[in-house]
Amino acid sequence: MTRARQDRLLGLLLRDGEWATAATLADALGVTPRSIRSYVTAVNARVAPGTAIESGSLGYRAGADAAAAQRTTGTDAGTPRDRLHTLVRALLDDPEGVDTFEFADRLHVSPATLDADLARVRGLLGGTELTLERSASRARLRGTEMAQRRLLSRLAHDEMDAGSFDIVALRRTLGEDSVGAAAFGPFKADLVAELGAQGYFVNEFGIADVVMHIAIAADRVSQDRGLERPTAGSKPAQEEVAALLGRLAEKHLGVELGSGDLQHLATLVLTRVVAPGAEAPADHARSRLDPEVEAAVRDVVGTASAEFLVDIAHEDFILRLALHVQNLQHRAREQAWSRNPLTRSLKSTYPMIFEVAVFIASRLQERLGIPLPDDEIAYIAMHVGGRLERSRRADQLLTATIVCPGYYDLHELLRSSVDRSLGQAIEVVGVETRVDPDWASIDTDLVLTTIDPAVPGERIVKIQPFLTDADIERVQAAAGRIRRSRRLARLRTELERYFAPSAFVHGLGEAGGEEAVIRLLGDALIAQGVIDEDYVERTIEREKLSSTAFTDALAVPHALGMTATRTSIAIGIADPSIPWGEGRVQVVALVAFSETDREAFQTVFEQFVEVFSERDSVQRIVRRSADFGGFLDELVAVIDG
């Protein structure tokens with residue numbers, strides 16, 4: 001556990017890239033500030049002192065060697081997790097198993113400690129179709145070759161940080177001399193290039209995961225542990241990809257894969273190819289689709305579009321998502337889930353998009369019976385986000401007036417430069433060419449002026465007659481400030497309507513786990529007549545689909561369905577933090593939305609999460625929220641900046 005918390009500390013500092021106090025980090029990890037200091041010392045001992053985690057008057061931040069420290073086993077190589085992985089690898093490598101007494105000596109632990117590790121191995125085998133047999137002093141794994149490979153895959157993922165692929169971790173899992181791990185890079189590069197040449201659009205995250213399976217297969221085949229010949233025939237596309245894999249395996253790995261391995265791996269590759277290439281016609285995409293899958297996706301997307309008022313019901317989006325879902329069905333049958341290193345950032349940065357994805361996932365699970373872990377939901381969120389990005393309306397642009405006194409066509413040249421460099425962010429709706437314009441009458445969002453204004457203002461940006469890079473940066477910064485200010489102003493207006501003193505709880509640490517906290521906050525809203533017991537139960541079910549801990553500090557549990565009599569928010573404060581999902585939070589906001597507040601849903605949901613994504617703001621709110629009045633005062637102060 002200590003090693004895991006050290007790695008978690010490193011992960012937090014690497015992800016944020018900013019200074020953080022010991023108290024803030026302690027809240028995030030659920031430990032004391034004193035423990036944080038000891039973790040920092042231990043992490044720095046893995047590399048040159050002070051180069052993994054820097055310390056200073058502002059706290060701690062990731063140093064130059066933080067990533068390297070995360071990958072090394074250092075002096076903590078004998079941790080329970082390390083022993084567990086070493087033991088599982090040994091059991092997988094030898095069909096006859098291991099002698100427990102000899103293995104305990106090898107790991108320099110007592111037989112009793114190794115017995116405890118074997119008990120943990122049994123826990124790891126849940127859902128793998130593998131069993132651990134014990135006969136006297138010998139322990140063996142029993143199960144199919146496919147099940148053993150899935151276990152190897154799980155070990156490799158457990159060695160990696162945040163779901164991203166790491167060749168060092170793969171070598172730790174398979175062994176430094178593994179043929180698969182040794183040539184991973186060149187193999188992957190050639191595979192992606194040749195799939196692209198064959199007209200496929202490749203999901204880079206998925207392909208990285210598939211090549212890990214290929215590396216595992218190559219290593220097992222080199223030990224005469226190949227898969228049996230397939231009994232069913234294969235399709236032309238599968239045969240084409242199988243031939244490519246066989247050729248690349250011989251070229252880079254020096255391994256001849258059998259037909260069983262090639263068919264299995266070709267299926268994995270094809271189920272990570274999100275869609276045909278961008279030039280492929282819609283009829284070609286539809287020809288590969290199961291009509292049942294297409295119909296289910298079409299219905300669910302239509303429902304989501306109406307439920308959340310989002311513009312996603314487009315034919316190209318439906319076809320691409322349907323192909324993805326069909327691939328997902330294959331992965332579910334193989335229990336070969338795709339990892340997504342963007343899951344955490346998607347959830348915290350785009351909570352509304354992720355919520356739409358959760359809704360789609362839950363309805364598809366009902367229609368098609370596909371279990372959907374968070375990483376798979378994140379891929380659906382990427383589809384949704386891509387569609388919404390293409391559907392952004394022009395009225396989301398900020399309007400601008402250019403003030404540039406006339407001299408030949410100078411003002412026209414400037415307008416052309418602004419349109420070319422800033423057209424994605426602002427729309428120029430007027431040009432003033434007088435040296436004494438009526439500043440008060442200019443009512444656009446921004447004023448870009450080459451002369452000094454009568455009265456400076458936040459929306460007024462001084463630029464040069466010939467636009468410079470510095471001018472562009474200043475305009476973009478001003479536009480960003482205005483957008484954020486407006487978003488938070490809308491949020492403040494909405495939140496003041498939705499909060500109530502009777503739905504505020506301080507001291508969630510005494511409530512119990514997630515379900516207990518949801519019921520506690522739900523009772524406050526039930527007492528107001530806002531929701532009923534069914535809403536609370538559906539909120540608990542929604543939480544089981546995907547954790548609503550959208551930031552390191554905030555969870556926003558809610559039900560899928562806007563069935564409250566009116567929109568209301570119950571707030572709970574935890575100081576210190578409490579476990580939630582795979583992390584810890586300090587604020588829990590149980591949100592009940594009504595049918596009449598569909599449009600407010602997006603404002604409240606995204607901007608509320610945005611406020612609590614800033615670590616300093618969270619600490620300020622939590623520390624000064626002994627009662628409802630203090631909470632609301634601090635929240636408003638943070639929103640107002």
# chains A, B, ... in the order shown; residues from 1 in each chain; ligands from 1

call {"tool": "closest_atom_pairs", "arguments": {"of": "region 366-451 of chain A", "to": "region 340-351 of chain A", "cutoff": "10 Å", "atoms": "only C-alpha atoms", "output": "Markdown table"}}
result
| residue | atom | partner | partner_atom | distance |
| --- | --- | --- | --- | --- |
| A:Asp374 | CA | A:Thr343 | CA | 7.1 |
| A:Asp375 | CA | A:Asn340 | CA | 5.1 |
| A:Glu376 | CA | A:Asn340 | CA | 7.4 |
| A:Ile377 | CA | A:Thr343 | CA | 8.3 |
| A:Ala378 | CA | A:Thr343 | CA | 5.3 |
| A:Tyr379 | CA | A:Asn340 | CA | 7.3 |
| A:Ala381 | CA | A:Leu346 | CA | 7.7 |
| A:Met382 | CA | A:Leu346 | CA | 8.2 |
| A:Gly385 | CA | A:Tyr350 | CA | 8.5 |

call {"tool": "select_by_dssp", "arguments": {"residues": "region 343-396 of chain A", "states": "alpha helix (DSSP H)", "output": "number ranges by chain"}}
result
A: 343-349, 351-368, 374-390

call {"tool": "closest_atom_pairs", "arguments": {"of": "region 570-633 of chain A", "to": "region 474-495 of chain A", "cutoff": "7 Å", "atoms": "only C-alpha atoms", "output": "CSV"}}
result
residue,atom,partner,partner_atom,distance
A:Thr603,CA,A:Leu491,CA,6.4
A:Val604,CA,A:Leu491,CA,5.8
A:Gln607,CA,A:Leu491,CA,6.4

call {"tool": "residues_around", "arguments": {"residues": "Pro576 (chain A)", "least_positions_apart": "3", "cutoff": "10 Å", "atoms": "only C-alpha atoms", "output": "ChimeraX atom specification"}}
result
/A:23-24,26-28,30-32,507-509,573,584-586,622-623

call {"tool": "write_last_selection", "arguments": {"atoms": "N, CA and C atoms", "output": "PDB file, in the first residue's frame"}}
result
ATOM      1  N   ALA A  23      -0.640  19.475   2.911  1.00  0.00           N
ATOM      2  CA  ALA A  23      -2.018  19.294   3.375  1.00  0.00           C
ATOM      3  C   ALA A  23      -2.944  18.937   2.222  1.00  0.00           C
ATOM      4  N   THR A  24      -2.777  19.611   1.086  1.00  0.00           N
ATOM      5  CA  THR A  24      -3.616  19.331  -0.086  1.00  0.00           C
ATOM      6  C   THR A  24      -3.383  17.914  -0.588  1.00  0.00           C
ATOM      7  N   ALA A  26      -2.203  15.431   1.129  1.00  0.00           N
ATOM      8  CA  ALA A  26      -2.679  14.497   2.150  1.00  0.00           C
ATOM      9  C   ALA A  26      -4.177  14.260   2.006  1.00  0.00           C
ATOM     10  N   ASP A  27      -4.942  15.335   1.718  1.00  0.00           N
ATOM     11  CA  ASP A  27      -6.381  15.181   1.508  1.00  0.00           C
ATOM     12  C   ASP A  27      -6.661  14.295   0.302  1.00  0.00           C
ATOM     13  N   ALA A  28      -5.881  14.483  -0.769  1.00  0.00           N
ATOM     14  CA  ALA A  28      -6.106  13.714  -1.992  1.00  0.00           C
ATOM     15  C   ALA A  28      -5.819  12.231  -1.794  1.00  0.00           C
ATOM     16  N   GLY A  30      -5.738  10.728   1.363  1.00  0.00           N
ATOM     17  CA  GLY A  30      -6.352  10.208   2.576  1.00  0.00           C
ATOM     18  C   GLY A  30      -5.349   9.829   3.645  1.00  0.00           C
ATOM     19  N   VAL A  31      -4.255  10.596   3.751  1.00  0.00           N
ATOM     20  CA  VAL A  31      -3.221  10.341   4.757  1.00  0.00           C
ATOM     21  C   VAL A  31      -2.917  11.651   5.477  1.00  0.00           C
ATOM     22  N   THR A  32      -1.916  11.652   6.336  1.00  0.00           N
ATOM     23  CA  THR A  32      -1.532  12.868   7.050  1.00  0.00           C
ATOM     24  C   THR A  32      -0.421  13.591   6.297  1.00  0.00           C
ATOM     25  N   GLY A 507     -19.183  17.189   7.658  1.00  0.00           N
ATOM     26  CA  GLY A 507     -18.677  16.021   8.373  1.00  0.00           C
ATOM     27  C   GLY A 507     -19.129  14.715   7.751  1.00  0.00           C
ATOM     28  N   LEU A 508     -18.909  14.552   6.455  1.00  0.00           N
ATOM     29  CA  LEU A 508     -19.341  13.338   5.764  1.00  0.00           C
ATOM     30  C   LEU A 508     -18.537  12.113   6.166  1.00  0.00           C
ATOM     31  N   GLY A 509     -17.372  12.326   6.773  1.00  0.00           N
ATOM     32  CA  GLY A 509     -16.533  11.200   7.159  1.00  0.00           C
ATOM     33  C   GLY A 509     -17.231  10.239   8.094  1.00  0.00           C
ATOM     34  N   ILE A 573     -19.815  18.247   2.977  1.00  0.00           N
ATOM     35  CA  ILE A 573     -18.397  18.600   3.101  1.00  0.00           C
ATOM     36  C   ILE A 573     -17.682  17.522   3.907  1.00  0.00           C
ATOM     37  N   ARG A 584     -10.408  10.102  -3.889  1.00  0.00           N
ATOM     38  CA  ARG A 584     -10.952  10.657  -2.670  1.00  0.00           C
ATOM     39  C   ARG A 584     -11.525  12.033  -2.994  1.00  0.00           C
ATOM     40  N   VAL A 585     -12.566  12.430  -2.271  1.00  0.00           N
ATOM     41  CA  VAL A 585     -13.190  13.733  -2.501  1.00  0.00           C
ATOM     42  C   VAL A 585     -13.414  14.448  -1.183  1.00  0.00           C
ATOM     43  N   GLN A 586     -13.613  15.764  -1.276  1.00  0.00           N
ATOM     44  CA  GLN A 586     -13.910  16.563  -0.087  1.00  0.00           C
ATOM     45  C   GLN A 586     -15.281  17.219  -0.149  1.00  0.00           C
ATOM     46  N   VAL A 622     -13.574  24.472   1.375  1.00  0.00           N
ATOM     47  CA  VAL A 622     -13.719  23.434   2.392  1.00  0.00           C
ATOM     48  C   VAL A 622     -13.343  23.952   3.777  1.00  0.00           C
ATOM     49  N   ARG A 623     -12.226  24.660   3.865  1.00  0.00           N
ATOM     50  CA  ARG A 623     -11.746  25.121   5.179  1.00  0.00           C
ATOM     51  C   ARG A 623     -12.680  26.125   5.830  1.00  0.00           C
TER      52      ARG A 623
END

call {"tool": "closest_residue", "arguments": {"among": "A:Glu412, A:Asp616, A:Glu307, A:Asp316", "to": "Met562 (chain A)", "atoms": "only C-alpha atoms"}}
result
A:Glu307

call {"tool": "atom_distance", "arguments": {"atom1": "CA of His411 (chain A)", "atom2": "CA of Thr399 (chain A)"}}
result
17.2 Å

call {"tool": "residues_around", "arguments": {"residues": "region 119-122 of chain A", "least_positions_apart": "6", "cutoff": "10 Å", "atoms": "only C-alpha atoms", "output": "list in words"}}
result
Pro80, Arg81, Leu84, His85, Leu87, Val88, Thr113, Leu130, Thr131, Leu132, Glu133 and Leu141 of chain A

call {"tool": "closest_residue", "arguments": {"among": "A:Val587, A:Pro95, A:Tyr498, A:Trp439", "to": "Pro456 (chain A)", "atoms": "only C-alpha atoms"}}
result
A:Trp439

call {"tool": "atom_distance", "arguments": {"atom1": "CA of Val428 (chain A)", "atom2": "CA of Glu389 (chain A)"}}
result
21.4 Å

call {"tool": "residues_around", "arguments": {"residues": "Asp532 (chain A)", "least_positions_apart": "2", "cutoff": "10 Å", "atoms": "only C-alpha atoms", "output": "list of chain:residue names"}}
result
A:Gly522, A:Asp523, A:Leu525, A:Ile526, A:Ala527, A:Gln528, A:Gly529, A:Val530, A:Asp534, A:Tyr535, A:Val536, A:Glu537, A:Thr563, A:Ala564, A:Thr565

call {"tool": "write_last_selection", "arguments": {"atoms": "C-alpha atoms", "output": "JSON list (two decimals), in the first residue's frame"}}
result
[["chain", "number", "residue", "atom", "x", "y", "z"],
["A", 522, "GLY", "CA", -30.94, 12.27, -0.58],
["A", 523, "ASP", "CA", -32.93, 12.35, 2.66],
["A", 525, "LEU", "CA", -33.94, 16.53, -0.70],
["A", 526, "ILE", "CA", -36.75, 14.06, 0.05],
["A", 527, "ALA", "CA", -37.66, 16.19, 3.07],
["A", 528, "GLN", "CA", -37.97, 19.18, 0.72],
["A", 529, "GLY", "CA", -40.34, 17.22, -1.51],
["A", 530, "VAL", "CA", -37.88, 17.52, -4.41],
["A", 534, "ASP", "CA", -36.77, 5.94, -6.29],
["A", 535, "TYR", "CA", -34.56, 8.87, -7.33],
["A", 536, "VAL", "CA", -32.07, 7.96, -4.60],
["A", 537, "GLU", "CA", -31.99, 4.33, -5.75],
["A", 563, "THR", "CA", -37.50, 13.61, -12.61],
["A", 564, "ALA", "CA", -37.19, 15.99, -9.63],
["A", 565, "THR", "CA", -40.14, 18.30, -8.93]]

call {"tool": "residues_around", "arguments": {"residues": "Glu366 (chain A)", "least_positions_apart": "6", "cutoff": "12 Å", "atoms": "only C-alpha atoms", "output": "list in words"}}
result
Ala296, Val297, Val300, Phe359, Ile360 and Leu372 of chain A
